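Heads up, the thing below is written out as structure tokens.
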Amino acid sequence: MADTREYDVVVIGAGLGGLLSAAQFLRRGQRVAIVERLAHPGGRFTAKTFHGAQVSTGAVHMLPFGTNGELAAMLRALGVPHHIHDSEVFASFHARGRQYVCRSVLQLAGVLGPRQFAEFVRLGGAMLLRQPLPEERDQTYREWLDRRISRGASPELYAYFERVCHFALSVDLDDVLYPEIVETTKNMFRYGAPGIVDGGCAALTGELERRVVEGGADLRLQHDVIAIEQADGAVSGVRVRAKPTGDEVLLRAPMVISNIGPWATRRLVAVPEGAAVATSTGALAAWDRIPLPSGERDSLSETDRPTPHAVASGLKVHLLSDESIIPHRGIMYCLDTERIAGVVQPSNSDRRLAPPGKHLLITHQLMRGEDVNIEREAARADLRRLFGDDFGTKVTILTMSQYRGEWPVNRAMQGEDVSPATGVAGLYLVGDAVKPSGYLMVEGVAQSVNALLDTLDGPTVPAPHTPPKPPRRRAFRWLVAPPPPHPGS
């Protein structure tokens, strides 16, 4: 008979969402177990040392909203030590064979030229100053753009909107609705500059791991989850198997938090027929919003099944350079490439992320097809465009990695206000796949944990955990110069 242990909460997956959830429940005085199939925590928000560089497992060592964002706020509330180097510019842009550094939005005029910049101001005003019109609410981002500008007549402007979408969301313009772009854009300007974590993702994950272990969590690495157990229509625990020994353990708990994504969670539990859960706003449970991988069937009928969203995918390249390529802490968007959407140089913020005498560059692109080799060759072609004869000599590829689907589970959907509830009492989801609308990457992960706490505490709690979004007027600080960093940065 398997050994049995008793807890208040079992968290499946020790990625960022799982660790943040565990820290929040420990803060409430509950007994917490965390189950992770790998030999290390962190998921997509950690890094491995390779040839002296900190190669990230997913994120590019970046917090999209920097020190003013929701993840940084949660880390401060939890007392997790960290330091974030905020971007010091709006962005830079590689266009027409050269790089343009823009400290403010107004300096985009030098990249786009007078006519395209005037179009940018007109479109940006529509996004930031008014809500989407009724006829715009069901338009994809591409439909909205194509009715207002032409790629042929405004190539740099069209590429700007496209590359920001590819870099931030890892989906194409056809695969995200215009209202979601509006909310995401507002947040990107309201919260302020993105930031690089001091020490990289692994340093932050290490501090978070230390906090939960010191707080009393039972962190079980190299453990596979066999099944989520149920009794009387509610979860009763999680059955796990230790990889090194094969020993099985039943972790009993009345609450299970899954950070492994809706698909993988659904496979571990038998979902009662008709168990789609509606939130107070009418949104369905997360796994009723996400199409299962090909070859699998979900529990919804064809008439009830929502319109499927594209599963995000991307290819990331780590490079080492003999010289500094990007002269600032921030993102360089590429407007004259075929695939690569943007590049960051995190070693500008922390030289320890690269070996001595080198700089670390990370590129990101949307995968447009199923053939990984074609995507990799497209990346190499873009790198030759960007770096010329220096590519292969002064700038060399360190690693190339791609993601799609459920591993990693990040960016499984964008633009749905989904509930953390699953239809099984006591079973909840956190992670990027269930982030609130308007949030991206790790900011969405933090907000998914806030949404979970709001769901558990109910409407009677006077102050919700999910904070209100900053006022729109804060976006105008980027017009002339980037906003100052948070006092605690």
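We name chains A, B, ... following the order of the structure tokens; residues begin at 1 in each chain, and ligands are numbered from 1 as shown.
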
For stretch 42-81 of chain A versus stretch 353-368 of chain A, which residues have an atom no more than 9 Å away, and what is each residue's nearest atom pair and distance in Å rounded to one decimal, using only C-alpha atoms, chain-then-number order, as CSV?
residue,atom,partner,partner_atom,distance
A:Thr49,CA,A:Leu353,CA,8.9
A:His51,CA,A:Pro355,CA,7.4
A:Gly52,CA,A:Pro355,CA,4.7
A:Ala53,CA,A:Ala354,CA,4.4
A:Gln54,CA,A:Leu353,CA,5.1
A:Val55,CA,A:Leu353,CA,8.3
A:Val60,CA,A:Ile362,CA,6.8

Go ahead and compute the interatomic distance for atom CA of A:Lys394 and atom CA of A:Leu320, in Å to one decimal.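 Distance reported for this atom pair: 8.1 Å.
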
Tell me, which residues of stretch 43-227 of chain A carry DSSP strand (DSSP E), written as a PyMOL selection string? chain A and resi 47-50+53-56+62-63+84-86+91-95+98-102+195-197+218-220+223-227

Same residues, N, CA and C atoms, output as a tab-separated table (two decimals), in the first residue's frame:
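This went into out25.tsv:
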chain	number	residue	atom	x	y	z
A	47	ALA	N	17.23	29.07	-15.50
A	47	ALA	CA	18.29	29.06	-16.50
A	47	ALA	C	19.32	28.00	-16.13
A	48	LYS	N	20.08	27.58	-17.14
A	48	LYS	CA	21.16	26.63	-16.96
A	48	LYS	C	22.46	27.25	-17.47
A	49	THR	N	23.55	27.00	-16.75
A	49	THR	CA	24.84	27.51	-17.18
A	49	THR	C	25.37	26.67	-18.33
A	50	PHE	N	25.67	27.30	-19.44
A	50	PHE	CA	26.18	26.60	-20.63
A	50	PHE	C	27.26	27.46	-21.25
A	53	ALA	N	27.47	30.92	-19.91
A	53	ALA	CA	26.33	31.83	-20.07
A	53	ALA	C	25.11	31.26	-19.36
A	54	GLN	N	24.24	32.15	-18.91
A	54	GLN	CA	22.99	31.75	-18.30
A	54	GLN	C	21.93	31.61	-19.39
A	55	VAL	N	21.74	30.38	-19.85
A	55	VAL	CA	20.80	30.09	-20.92
A	55	VAL	C	19.42	29.88	-20.29
A	56	SER	N	18.49	30.74	-20.61
A	56	SER	CA	17.17	30.67	-19.98
A	56	SER	C	16.37	29.51	-20.55
A	62	MET	N	13.56	38.40	-18.41
A	62	MET	CA	12.87	39.70	-18.42
A	62	MET	C	11.52	39.63	-17.73
A	63	LEU	N	11.18	40.70	-16.99
A	63	LEU	CA	9.83	40.93	-16.49
A	63	LEU	C	9.20	42.00	-17.37
A	84	ILE	N	15.62	44.32	-10.04
A	84	ILE	CA	15.24	44.39	-11.44
A	84	ILE	C	15.87	45.63	-12.06
A	85	HIS	N	16.52	45.45	-13.20
A	85	HIS	CA	17.09	46.57	-13.95
A	85	HIS	C	16.09	46.99	-15.01
A	86	ASP	N	15.39	48.09	-14.78
A	86	ASP	CA	14.38	48.54	-15.73
A	86	ASP	C	15.03	49.08	-17.00
A	91	ALA	N	12.48	51.76	-26.60
A	91	ALA	CA	12.93	50.57	-27.32
A	91	ALA	C	13.94	51.04	-28.35
A	92	SER	N	14.57	50.08	-29.03
A	92	SER	CA	15.32	50.42	-30.24
A	92	SER	C	14.76	49.58	-31.37
A	93	PHE	N	15.09	49.99	-32.61
A	93	PHE	CA	14.52	49.36	-33.78
A	93	PHE	C	15.60	49.17	-34.83
A	94	HIS	N	15.67	47.95	-35.37
A	94	HIS	CA	16.58	47.69	-36.48
A	94	HIS	C	15.76	47.81	-37.76
A	95	ALA	N	16.04	48.85	-38.53
A	95	ALA	CA	15.30	49.12	-39.76
A	95	ALA	C	16.26	49.67	-40.80
A	98	ARG	N	20.10	49.51	-40.07
A	98	ARG	CA	20.76	50.16	-38.94
A	98	ARG	C	19.84	50.16	-37.74
A	99	GLN	N	20.41	50.49	-36.58
A	99	GLN	CA	19.65	50.49	-35.33
A	99	GLN	C	19.33	51.93	-34.92
A	100	TYR	N	18.07	52.14	-34.52
A	100	TYR	CA	17.61	53.43	-34.03
A	100	TYR	C	17.23	53.27	-32.56
A	101	VAL	N	17.80	54.05	-31.68
A	101	VAL	CA	17.48	54.01	-30.26
A	101	VAL	C	16.48	55.12	-29.95
A	102	CYS	N	15.35	54.74	-29.37
A	102	CYS	CA	14.29	55.70	-29.07
A	102	CYS	C	14.07	55.75	-27.56
A	195	GLY	N	11.98	44.94	-17.52
A	195	GLY	CA	13.21	44.91	-16.74
A	195	GLY	C	13.87	43.55	-16.77
A	196	ILE	N	15.17	43.55	-16.62
A	196	ILE	CA	15.96	42.32	-16.55
A	196	ILE	C	16.23	42.00	-15.08
A	197	VAL	N	16.05	40.74	-14.71
A	197	VAL	CA	16.27	40.32	-13.33
A	197	VAL	C	17.76	40.20	-13.06
A	218	ASP	N	6.85	21.09	1.60
A	218	ASP	CA	7.45	19.81	1.25
A	218	ASP	C	7.64	19.80	-0.26
A	219	LEU	N	8.85	20.14	-0.72
A	219	LEU	CA	9.15	20.22	-2.15
A	219	LEU	C	9.68	18.86	-2.61
A	220	ARG	N	8.91	18.19	-3.45
A	220	ARG	CA	9.25	16.85	-3.93
A	220	ARG	C	9.65	16.94	-5.40
A	223	HIS	N	9.36	13.77	-9.03
A	223	HIS	CA	8.17	13.00	-8.72
A	223	HIS	C	7.15	13.18	-9.84
A	224	ASP	N	6.67	12.07	-10.39
A	224	ASP	CA	5.62	12.11	-11.39
A	224	ASP	C	4.26	12.02	-10.72
A	225	VAL	N	3.31	12.80	-11.22
A	225	VAL	CA	1.94	12.68	-10.75
A	225	VAL	C	1.24	11.59	-11.55
A	226	ILE	N	0.73	10.59	-10.84
A	226	ILE	CA	0.03	9.48	-11.48
A	226	ILE	C	-1.44	9.83	-11.70
A	227	ALA	N	-2.05	10.42	-10.69
A	227	ALA	CA	-3.47	10.76	-10.80
A	227	ALA	C	-3.85	11.76	-9.74

Using only C-alpha atoms, which residue out of A:Glu156, A:Asp174, A:Asp432, A:Glu209 lies closest to A:Gln116?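 So, comparing all the options, the nearest one is A:Glu156.
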
What is the distance between atom CA of A:Ser321 and atom CA of A:Arg339, in Å to one decimal?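 Here the two named atoms are 20.3 Å from each other.
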
Atom CA of A:Tyr141 and atom CA of A:Gly314, how far apart in Å?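 Atom CA of A:Gly314 sits 18.8 Å away from atom CA of A:Tyr141.
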
List the spatial neighbours of A:Val235 as a list of chain:residue names - criterion: any atom at most 8 Å away, only C-alpha atoms, same-chain residues fewer than 2 positions off excluded.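 Contacts, with the query itself left out: A:Ile228, A:Glu229, A:Gln230, A:Ala231, A:Gly233, A:Gly237, A:Ala253, A:Pro254, A:Met255, A:Val256, A:Val424, A:Ala425, A:Gly426, A:Leu427.
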
Hey, which of A:Ala73, A:Val344, A:Val80, A:Leu169 ends up closest to A:Thr185? Count only C-alpha atoms.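 So, comparing all the options, the nearest one is A:Leu169.
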
DSSP helix (DSSP H, G or I) selection over stretch 296-370 of chain A, as a ChimeraX atom specification: /A:346-348,351-353

How close does each residue of stretch 161-220 of chain A get to stretch 37-46 of chain A, giving the shortest atom pair and distance in Å to one decimal for every residue with an atom at most 8 Å away, counting only C-alpha atoms, sorted by chain and residue number, as a tab-separated table?
residue	atom	partner	partner_atom	distance
A:Gly200	CA	A:Thr46	CA	7.6
A:Cys201	CA	A:Thr46	CA	4.5
A:Ala202	CA	A:Thr46	CA	4.1
A:Ala203	CA	A:Thr46	CA	7.7
A:Leu204	CA	A:Thr46	CA	7.9
A:Thr205	CA	A:Gly42	CA	5.7
A:Glu209	CA	A:Pro41	CA	7.4
